[in-house]
Amino acid sequence: PDGFTLQTICARPHSRGQLRLQSNDPRDKPVMEGVYLEDERDVQSLVNGIKRAREILAQESLSPYRSEEEFPGAGAVSDADLADYCRSTVHSANALVGTCKMGAAGDAQAVVDSDLRVRGVAGVR
């Protein structure tokens, strides 16, 4: 069968988790506390994303490939319905990554230097 998938994400969340050391033993893994959708702006961002995705997928050019919407489903119409769906299905996505700028010694926005040393933190690469 034909079909397609579109996943919306909150790329710039306002909710903030925490990453902290478990102990002073460098072999211990850090503790990561993800906090998802604590800030209502993140919920609204996802709701807006679903609404926009529906607009995109409703384009006539996609008609030959479109079937019934699986998730959140045609019954989820109001912002409250979509927000409930987002809250009940939120996850950390498939590939969480982060980036930081590498730069020359004079670059105030660079986080690491050309040898991958973290600026302002001794002994960290």
# chains A, B, ... in the order shown; residues from 1 in each chain; ligands from 1
$ select_by_dssp --residues "chain A" --states "strand (DSSP E or B)" --output "JSON, numbers by chain"
{"A": [18, 19, 20, 31, 32, 33, 102, 112, 118]}
$ write_last_selection --atoms "N, CA, C and O atoms" --output "short mmCIF file (atom, residue, chain, number, x, y, z; two decimals), in the first residue's frame"
data_model
loop_
_atom_site.label_atom_id
_atom_site.label_comp_id
_atom_site.auth_asym_id
_atom_site.auth_seq_id
_atom_site.Cartn_x
_atom_site.Cartn_y
_atom_site.Cartn_z
N GLN A 18 17.73 18.66 32.85
CA GLN A 18 18.97 18.86 33.60
C GLN A 18 19.93 17.71 33.31
O GLN A 18 19.52 16.56 33.22
N LEU A 19 21.19 18.05 33.18
CA LEU A 19 22.26 17.07 33.04
C LEU A 19 23.22 17.34 34.18
O LEU A 19 23.71 18.46 34.33
N ARG A 20 23.46 16.33 35.03
CA ARG A 20 24.33 16.54 36.18
C ARG A 20 25.19 15.31 36.41
O ARG A 20 24.91 14.23 35.90
N VAL A 31 23.72 11.87 34.95
CA VAL A 31 22.29 11.71 35.11
C VAL A 31 21.59 12.74 34.21
O VAL A 31 21.84 13.94 34.33
N MET A 32 20.75 12.25 33.31
CA MET A 32 20.02 13.14 32.42
C MET A 32 18.54 13.09 32.79
O MET A 32 17.94 12.01 32.82
N GLU A 33 18.00 14.23 33.11
CA GLU A 33 16.59 14.34 33.46
C GLU A 33 15.89 15.14 32.37
O GLU A 33 15.95 16.36 32.35
N MET A 102 33.12 25.38 16.60
CA MET A 102 34.56 25.28 16.74
C MET A 102 35.15 26.54 16.12
O MET A 102 34.67 26.97 15.07
N VAL A 112 34.53 25.20 21.36
CA VAL A 112 35.76 24.40 21.37
C VAL A 112 36.77 25.02 20.41
O VAL A 112 36.41 25.70 19.46
N VAL A 118 37.44 22.12 25.21
CA VAL A 118 36.31 22.96 25.62
C VAL A 118 36.85 24.21 26.29
O VAL A 118 37.61 24.13 27.25
#
$ residues_around --residues "region 75-88 of chain A" --least-positions-apart "2" --cutoff "9 Å" --atoms "only C-alpha atoms" --output "list of chain:residue names"
A:Tyr36, A:Leu37, A:Val43, A:Gln44, A:Leu46, A:Val47, A:Asn48, A:Ile50, A:Lys51, A:Phe71, A:Pro72, A:Gly73, A:Val90
$ residues_around --residues "Phe4 (chain A)" --least-positions-apart "4" --cutoff "12 Å" --atoms "only C-alpha atoms" --output "list in words"
Ala53, Ile56, Leu57, Leu62, Ser63, Pro64, Tyr65, Arg66, Ser67, Glu68, Glu69 and Glu70 of chain A
$ write_last_selection --atoms "N, CA, C and O atoms" --output "compact mmCIF listing (two decimals), in the first residue's frame"
# COMPACT_ATOMS: atom_id res chain seq x y z
N ALA A 53 1.31 20.21 9.30
CA ALA A 53 1.54 18.95 8.60
C ALA A 53 0.28 18.50 7.87
O ALA A 53 0.34 18.04 6.73
N ILE A 56 -0.09 20.49 4.70
CA ILE A 56 0.86 20.03 3.68
C ILE A 56 0.38 18.72 3.07
O ILE A 56 0.35 18.56 1.84
N LEU A 57 -0.02 17.79 3.92
CA LEU A 57 -0.41 16.46 3.43
C LEU A 57 -1.76 16.46 2.73
O LEU A 57 -2.09 15.49 2.03
N LEU A 62 -0.60 15.07 -3.45
CA LEU A 62 -0.35 13.87 -2.63
C LEU A 62 -1.55 12.92 -2.60
O LEU A 62 -1.47 11.84 -2.02
N SER A 63 -2.64 13.32 -3.22
CA SER A 63 -3.87 12.51 -3.20
C SER A 63 -3.67 11.05 -3.61
O SER A 63 -4.22 10.15 -2.97
N PRO A 64 -2.88 10.76 -4.65
CA PRO A 64 -2.74 9.36 -5.05
C PRO A 64 -2.08 8.47 -3.97
O PRO A 64 -2.21 7.26 -4.01
N TYR A 65 -1.41 9.09 -3.02
CA TYR A 65 -0.65 8.32 -2.02
C TYR A 65 -1.29 8.36 -0.64
O TYR A 65 -0.86 7.65 0.26
N ARG A 66 -2.29 9.16 -0.45
CA ARG A 66 -2.86 9.40 0.87
C ARG A 66 -3.93 8.36 1.20
O ARG A 66 -4.75 8.00 0.37
N SER A 67 -3.88 7.92 2.44
CA SER A 67 -4.95 7.07 2.96
C SER A 67 -5.45 7.74 4.25
O SER A 67 -5.27 8.94 4.43
N GLU A 68 -6.02 6.98 5.14
CA GLU A 68 -6.55 7.55 6.37
C GLU A 68 -5.40 7.92 7.32
O GLU A 68 -4.40 7.22 7.40
N GLU A 69 -5.57 9.00 8.04
CA GLU A 69 -4.59 9.43 9.03
C GLU A 69 -4.62 8.46 10.21
O GLU A 69 -5.66 8.23 10.80
N GLU A 70 -3.46 7.91 10.54
CA GLU A 70 -3.36 6.98 11.66
C GLU A 70 -3.26 7.71 13.00
O GLU A 70 -3.95 7.39 13.94
$ closest_residue --among "A:Arg117, A:Gly123, A:Gln7, A:Gln109" --to "Arg54 (chain A)" --atoms "only C-alpha atoms"
A:Gln7
$ residues_around --residues "His14 (chain A)" --least-positions-apart "3" --cutoff "10 Å" --atoms "only C-alpha atoms" --output "list in words"
Cys10, Ala11, Gly17, Val35, Tyr36, Leu37, Glu38, Asp39, Glu40, Arg41, Asp42 and Val43 of chain A
$ atom_distance --atom1 "CA of Ala105 (chain A)" --atom2 "CA of Arg125 (chain A)"
15.5 Å
